[in-house]
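Contents: one structure, followed by commentary.
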Amino acid sequence: MTDNVVPLRKNTDPPTDTATVTPLTVVPDPAPPAPLPLWVRSGHAVKRLATDERTTTMARAVARHSLYVVGGTRIVTRRAWDGRTGARYERMLRAAEAAGNYEAAGDWEERLHRFRADRHKRRMDLLTAPERLVKGAAVGTAGGIGLLIALGIALAVANEDVTDVVTPLMALVELIRLLVVIVQVVWGPLVALGPWLALAGLWAVGRHRNAAPNWALPAGKRADDAGAPITPSIVVTALRDLGIAPLRSAIKEMGDAGAAMLGPIRIAGCGVEVDVTLPSGVSTDQVQGRRRKLAENLNRHEHEVFITIPQAARTVRLWIADSGALDEPIGPSPLVLDPDLRASYKTGRAPWGQDLRGDAAVLSLYQRHMLVTGLSNQGKTAAVRALALWLALDRTVEFRVADLKGAGDWAMFDGLATVLIQGPTDDHVIQATEMVEGGVSEMERRLTAPPGTAFPPLIILVDEAQVAFMCPAVDDEKRQYGGSKATSRYFMAARKIHNQGRAVNVLLWQGTQDPTDQNLPKLVREGAHTRASLALGTESQARMALGDKAVDGGAAPHLLRPGLDKGTLVVASDGIDIPAGQASITVRTHYIDTDQATEIADRAKALRDGVTTVHVIDTGEPIDPLADVASVVGDAPRLLTQDVLKRLTALNADAYGGWSFVDLKRVLDGTGAEPYKSDGRMVVGRDRLARALTNRDTGGSTSAEV
Ligand SMILES: Nc1ncnc2c1ncn2[C@@H]1O[C@H](COP(=O)(O)OP(=O)(O)OP(=O)(O)O)[C@@H](O)[C@H]1O
């Protein structure tokens with residue numbers, strides 16, 4: 001049979017291929033689970049009911065309103081007791097003693113004494129009171145009756161009716177009777193309603209003061225609500241529960257008067273600030289050491305509470321952020337907003353950001369070396385660059401920049417800085433080292449200048465300086481470029497500038513990452529006047545970044561949150577206003593991104609006449625002074641000879657660092673590009689140099705050994 005023939009008869013033959021048959025087994029239905037005993041089911045139902053949200057809300061409401069009455073009774077009783085006895089004075093006296101404030105204690109004792117004397121006098125007066133009362137009543141009654149009879153006589157005479165003599169007296173009697181009737185009518189309901197009115201009064205007092213346990217209070221009024229406003233009682237409770245035994249017992253001793261330890265709670269930026277005078281026996285660093293616990297007791301995150309030590313003895317200053325406020329960005333930099341902004345190296349202050357109180361944080365850069373540290377990617381470059389961009393708006397400031405990451409963060413300084421090195425290799429470190437050594441030569445030249453000479457500011461800026469310290473390369477004399485030995489070139493150059501550069505305006509700014517003793521040697525970190533740190537990993541790093549004094553005074557960059565607190569710096573410097581008694585200040589910087597930075601740099605370039613940026617420092621021999629002079633003059637039609645010398649030093653400190661005007665003149669003499677006077681000052685002309693180079697190239701090389 002072919003495949004396309006369909007048989008009309010049912011095939012009754014059993015199938016021959018048994019292998020394809022799947023044997024089926026009858027699986028019985030699983031036995032239904034045995035019903036749970038009634039008591040278990042009832043238990044479940046009761047549990048469900050008891051834990052239902054509606055039940056708990058209702059139970060909480062009932063408990064709350066009942067407890068308001070209890071709390072209200074307690075408050076009213078206490079008020080009455082305080083009003084009638086010297087308990088209040090005694091409490092305040094104990095609080096002042098516990099806080100160690102003996103002056104206030106003396107004051108309260110005096111008041112207590114006065115109160116007792118007055119009370120004694122009142123009690124003595126009470127002994128003679130009944131006699132005086134009876135006398136007074138007799139005199140008053142007789143006088144009153146006499147007056148009414150006199151009135152009656154006048155009435156009787158007027159009406160010619162003798163019965164009118166007693167009319168006023170009878171009217172009084174009638175009035176008294178009426179009053180008795182009224183009291184009789186009102187008394188019943190008054191007696192019935194009175195207790196309820198009293199209860200309502202107590203409930204109202206309790207409700208007003210939220211006098212119920214925390215769990216019974218409605219959401220929003222509970223003390224543990226994140227973001228709840230900071231009240232004296234919250235601060236005192238948080239301090240009491242810090243786990244410092246003497247503090248706890250002193251606060252217990254003070255009772256309600258514990259708030260006497262607190263100064264006024266002031267609004268301070270996006271938070272509040274309060275000074276706490278600690279009781280004797282409790283030291284400020286005990287409280288500082290428990291920052292996290294204090295923050296949690298205040299229903300804040302650790303980074304939202306700052307503990308500093310103000311001037312007053314035994315006092316800590318707490319700054320407590322509004323919940324979440326620190327996560328809000330601050331506005332753009334004035335550098336971005338105001339295109340006409342100008343800077344002054346000497347008298348100005350860089351608008352860097354805001355402090356925690358929300359006040360502008362402005363930093364003076366005048367004669368200060370700087371060190372900015374932080375973990376990677378927290379905003380270090382942006383923070384240093386923001387300062388450099390501001391300072392670039394003072395046209396007298398010269399920048400020499402080495403960016404040892406080389407990702408283009410400083411590219412906008414091309415045409416603004418006289419030297420710009422960008423890259424992470426050993427060659428770049430060698431160039432950066434020579435750039436810093438060029439700064440040393442310039443500094444030494446300035447140090448030998450006649451007294452009174454004014455020096456334009458020179459900022460030697462090295463970003464990612466840890467790369468330089470860790471560089472293993474050695475020079476021909478086997479001196480290492482990195483490292484921290486007396487022969488280490490970068491280290492020694494940095495130290496020299498730190499030691500002597502300030503007075504002649506040669507300043508070193510360094511940005512470094514994740515500090516260790518190796519990548520940021522102690523002597524170098526301590527040479528900086530302005531030290532600032534972004535988030536760091538450990539307290540020991542914080543000590544490296546800011547110094548022991550700042551960290552002991554409460555500076556805690558290691559408690560900033562990496563990733564979340566980008567751009568937030570803890571700054572220790574005398575160039576920024578730091579509240580009296582504090583050793584550091586926390587600054588949230590304005591972020592200036594690369595595009596905005598480029599715009600600001602363009603504005604700074606427009607203020608200067610064509611700076612030629614040297615990108616690679618030539619360390620090879622022989623040198624070509626004429627070509628080098630032409631290259632440093634660049635596009636400017638003419639350049640002051642002193643600027644030519646400066647730029648030559650920046651170009652090649654080894655070759656030109658020691659040059660004076662005489663050397664420059666010697667090289668240019670006879671080339672046709674000799675220095676000449678323009679507006680009374682010696683300059684070198686661009687066109688003359690170009691002609692001299694052309695003549696030389698056509699007439700044979702004049703390369704000179706120096
Ligand atoms: N002030 C700031 N506010 C908010 N965010 C910022 C701020 N400064 C920097 N950032 C963010 O942090 C990122 C890293 O910034 P930046 O490159 O300056 O960090 P860095 O610490 O120098 O990094 P690296 O470790 O790579 O050198 C930026 O791209 C920006 O998104």
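We name chains A, B, ... following the order of the structure tokens; residues begin at 1 in each chain, and ligands are numbered from 1 as shown.
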Exercise. If you run DSSP on the backbone, which residues of stretch 213-375 of chain A are helix (DSSP H, G or I), as a VMD selection string?
Worked result: chain A and resid 214 to 216 232 to 240 245 to 261 284 to 288 291 to 297 302 to 304 325 to 327 334 to 337
Serialized selection, N, CA and C atoms, as a short mmCIF file (atom, residue, chain, number, x, y, z; two decimals), in the first residue's frame:
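The resulting again_28.cif:
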data_model
loop_
_atom_site.label_atom_id
_atom_site.label_comp_id
_atom_site.auth_asym_id
_atom_site.auth_seq_id
_atom_site.Cartn_x
_atom_site.Cartn_y
_atom_site.Cartn_z
N ASN A 214 5.97 56.85 73.26
CA ASN A 214 6.26 57.06 71.85
C ASN A 214 5.45 56.15 70.93
N TRP A 215 5.32 54.85 71.34
CA TRP A 215 4.64 53.89 70.46
C TRP A 215 3.19 54.24 70.25
N ALA A 216 2.61 54.98 71.25
CA ALA A 216 1.17 55.27 71.15
C ALA A 216 0.90 56.55 70.36
N PRO A 232 15.07 70.73 72.60
CA PRO A 232 15.99 70.51 73.72
C PRO A 232 15.82 69.12 74.31
N SER A 233 14.57 68.66 74.40
CA SER A 233 14.40 67.36 75.07
C SER A 233 15.00 66.24 74.23
N ILE A 234 14.92 66.35 72.89
CA ILE A 234 15.52 65.32 72.03
C ILE A 234 17.04 65.32 72.21
N VAL A 235 17.64 66.52 72.27
CA VAL A 235 19.10 66.59 72.42
C VAL A 235 19.52 66.01 73.77
N VAL A 236 18.79 66.39 74.82
CA VAL A 236 19.17 65.92 76.16
C VAL A 236 19.02 64.40 76.23
N THR A 237 17.93 63.87 75.67
CA THR A 237 17.74 62.41 75.70
C THR A 237 18.85 61.72 74.91
N ALA A 238 19.20 62.32 73.75
CA ALA A 238 20.26 61.71 72.93
C ALA A 238 21.58 61.68 73.69
N LEU A 239 21.84 62.75 74.43
CA LEU A 239 23.09 62.80 75.21
C LEU A 239 23.03 61.80 76.36
N ARG A 240 21.86 61.72 76.98
CA ARG A 240 21.72 60.81 78.12
C ARG A 240 21.98 59.37 77.70
N ALA A 245 28.63 57.08 81.34
CA ALA A 245 27.97 56.94 82.65
C ALA A 245 27.84 58.27 83.41
N PRO A 246 28.92 59.06 83.55
CA PRO A 246 28.75 60.30 84.33
C PRO A 246 27.74 61.26 83.69
N LEU A 247 27.69 61.25 82.35
CA LEU A 247 26.74 62.13 81.65
C LEU A 247 25.32 61.67 81.93
N ARG A 248 25.15 60.36 81.87
CA ARG A 248 23.82 59.80 82.11
C ARG A 248 23.34 60.14 83.52
N SER A 249 24.22 59.92 84.51
CA SER A 249 23.73 60.14 85.88
C SER A 249 23.53 61.63 86.12
N ALA A 250 24.37 62.48 85.52
CA ALA A 250 24.16 63.92 85.71
C ALA A 250 22.83 64.35 85.12
N ILE A 251 22.49 63.83 83.96
CA ILE A 251 21.24 64.23 83.32
C ILE A 251 20.05 63.69 84.12
N LYS A 252 20.19 62.47 84.63
CA LYS A 252 19.10 61.91 85.46
C LYS A 252 18.88 62.79 86.68
N GLU A 253 19.98 63.19 87.25
CA GLU A 253 19.94 64.05 88.44
C GLU A 253 19.22 65.36 88.13
N MET A 254 19.45 65.86 86.90
CA MET A 254 18.86 67.15 86.54
C MET A 254 17.37 67.03 86.24
N GLY A 255 16.93 65.82 85.86
CA GLY A 255 15.52 65.64 85.51
C GLY A 255 15.18 66.51 84.32
N ASP A 256 14.01 67.15 84.38
CA ASP A 256 13.55 67.98 83.27
C ASP A 256 14.48 69.14 82.99
N ALA A 257 15.23 69.50 84.02
CA ALA A 257 16.07 70.69 83.86
C ALA A 257 17.36 70.38 83.12
N GLY A 258 17.48 69.16 82.55
CA GLY A 258 18.68 68.80 81.79
C GLY A 258 18.94 69.78 80.67
N ALA A 259 17.88 70.39 80.17
CA ALA A 259 18.04 71.35 79.07
C ALA A 259 18.89 72.54 79.49
N ALA A 260 19.15 72.68 80.80
CA ALA A 260 20.00 73.78 81.25
C ALA A 260 21.41 73.63 80.70
N MET A 261 21.78 72.40 80.27
CA MET A 261 23.10 72.20 79.68
C MET A 261 23.22 72.83 78.30
N THR A 284 35.06 66.48 76.44
CA THR A 284 34.52 66.74 75.10
C THR A 284 34.86 65.61 74.14
N ASP A 285 36.07 65.03 74.29
CA ASP A 285 36.41 63.98 73.31
C ASP A 285 35.64 62.69 73.56
N GLN A 286 35.08 62.51 74.76
CA GLN A 286 34.21 61.35 74.97
C GLN A 286 32.97 61.47 74.09
N VAL A 287 32.44 62.70 74.02
CA VAL A 287 31.25 62.91 73.19
C VAL A 287 31.63 62.80 71.72
N GLN A 288 32.77 63.40 71.35
CA GLN A 288 33.21 63.33 69.96
C GLN A 288 33.41 61.91 69.49
N ARG A 291 30.18 59.87 67.93
CA ARG A 291 29.39 60.65 66.96
C ARG A 291 28.27 59.81 66.34
N ARG A 292 28.61 58.57 65.98
CA ARG A 292 27.59 57.77 65.31
C ARG A 292 26.40 57.54 66.24
N LYS A 293 26.70 57.21 67.49
CA LYS A 293 25.62 56.92 68.43
C LYS A 293 24.78 58.17 68.66
N LEU A 294 25.46 59.30 68.79
CA LEU A 294 24.72 60.55 69.00
C LEU A 294 23.81 60.82 67.81
N ALA A 295 24.36 60.63 66.59
CA ALA A 295 23.56 60.87 65.39
C ALA A 295 22.34 59.95 65.40
N GLU A 296 22.55 58.69 65.72
CA GLU A 296 21.42 57.76 65.71
C GLU A 296 20.40 58.14 66.78
N ASN A 297 20.89 58.57 67.94
CA ASN A 297 19.96 59.00 68.99
C ASN A 297 19.15 60.22 68.55
N GLU A 302 25.10 59.48 60.48
CA GLU A 302 26.32 59.97 61.11
C GLU A 302 26.85 61.23 60.41
N HIS A 303 26.78 61.24 59.07
CA HIS A 303 27.36 62.38 58.35
C HIS A 303 26.52 63.65 58.53
N GLU A 304 25.36 63.51 59.16
CA GLU A 304 24.50 64.69 59.31
C GLU A 304 24.71 65.38 60.66
N ALA A 325 19.10 67.04 54.07
CA ALA A 325 19.42 68.34 53.46
C ALA A 325 20.81 68.33 52.81
N LEU A 326 21.72 67.54 53.36
CA LEU A 326 23.08 67.55 52.82
C LEU A 326 23.15 66.85 51.46
N ASP A 327 22.10 66.14 51.12
CA ASP A 327 22.13 65.46 49.83
C ASP A 327 21.62 66.35 48.70
N PRO A 334 29.77 81.20 41.50
CA PRO A 334 29.73 82.57 41.00
C PRO A 334 30.64 82.74 39.78
N LEU A 335 31.65 81.91 39.66
CA LEU A 335 32.53 81.99 38.49
C LEU A 335 31.77 81.69 37.20
N VAL A 336 30.79 80.81 37.33
CA VAL A 336 29.99 80.45 36.16
C VAL A 336 28.92 81.51 35.93
N LEU A 337 28.38 82.01 37.04
CA LEU A 337 27.24 82.93 36.92
C LEU A 337 27.64 84.33 36.51
#
Sorted per-residue table, chain A near ligand 1, closest atoms and distance, 6 Å, only C-alpha atoms and all ligand atoms, as a Markdown table:
| residue | atom | partner | partner_atom_place_in_ligand_line | distance |
| --- | --- | --- | --- | --- |
| A:Ser376 | CA | ligand 1 | 25 (O) | 3.1 |
| A:Asn377 | CA | ligand 1 | 23 (O) | 3.2 |
| A:Gln378 | CA | ligand 1 | 21 (O) | 4.0 |
| A:Gly379 | CA | ligand 1 | 18 (O) | 3.3 |
| A:Lys380 | CA | ligand 1 | 21 (O) | 3.8 |
| A:Thr381 | CA | ligand 1 | 22 (O) | 3.6 |
| A:Ala382 | CA | ligand 1 | 18 (O) | 3.7 |
| A:Lys566 | CA | ligand 1 | 6 (C) | 4.8 |
| A:Gly567 | CA | ligand 1 | 1 (N) | 3.4 |
| A:Thr589 | CA | ligand 1 | 1 (N) | 4.4 |
| A:His590 | CA | ligand 1 | 1 (N) | 4.7 |
| A:Tyr591 | CA | ligand 1 | 1 (N) | 3.7 |
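In this comparison, which uses only C-alpha atoms, the residue of A:Arg177, A:Pro264, A:Tyr102, A:Leu148 approaching A:Ser280 most closely is A:Tyr102.
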With a distance cut-off of 6 Å and only C-alpha atoms, select the neighbouring residues of stretch 339-346 of chain A, excluding the residue or stretch itself and same-chain residues fewer than 6 positions from it, and output the selection as a PDB file with N, CA and C atoms, in the first residue's frame.
ATOM      1  N   TYR A 366      46.406  83.725  49.105  1.00  0.00           N
ATOM      2  CA  TYR A 366      47.599  84.571  49.187  1.00  0.00           C
ATOM      3  C   TYR A 366      48.704  83.901  50.011  1.00  0.00           C
ATOM      4  N   LEU A 391      41.719  82.107  40.380  1.00  0.00           N
ATOM      5  CA  LEU A 391      42.973  82.861  40.466  1.00  0.00           C
ATOM      6  C   LEU A 391      43.458  83.273  39.078  1.00  0.00           C
ATOM      7  N   LEU A 393      41.819  84.531  36.937  1.00  0.00           N
ATOM      8  CA  LEU A 393      41.189  85.803  36.559  1.00  0.00           C
ATOM      9  C   LEU A 393      41.978  86.993  37.110  1.00  0.00           C
ATOM     10  N   ASP A 394      43.079  86.730  37.796  1.00  0.00           N
ATOM     11  CA  ASP A 394      44.045  87.784  38.127  1.00  0.00           C
ATOM     12  C   ASP A 394      45.194  87.604  37.138  1.00  0.00           C
TER      13      ASP A 394
END
For this session: Could you jot down the atom CA of A:Ser631 to atom CA of A:Arg446 separation for me, Å, one decimal place?
Result: 24.0 Å
Exercise. At what distance in Å, to one decimal, does atom CA of A:Ser533 lie from atom CA of A:Gly353?
Worked result: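 Answer for the atom CA of A:Gly353 to atom CA of A:Ser533 separation: 14.2 Å.
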Problem set entry | strand (DSSP E or B) positions in stretch 267-512 of chain A, given as an MDAnalysis selection string | chainID A and resid 267:268 271:277 305:308 315:321 350:355 360:363 370:374 398:403 414 417 419:422 458:463 474 480 506:512
Exercise. In terms of the shortest atom-to-atom distance over only C-alpha atoms, which of A:Glu464, A:Lys496, A:Ala454, A:Ala360 is closest to A:Ala407?
Worked result: A:Glu464
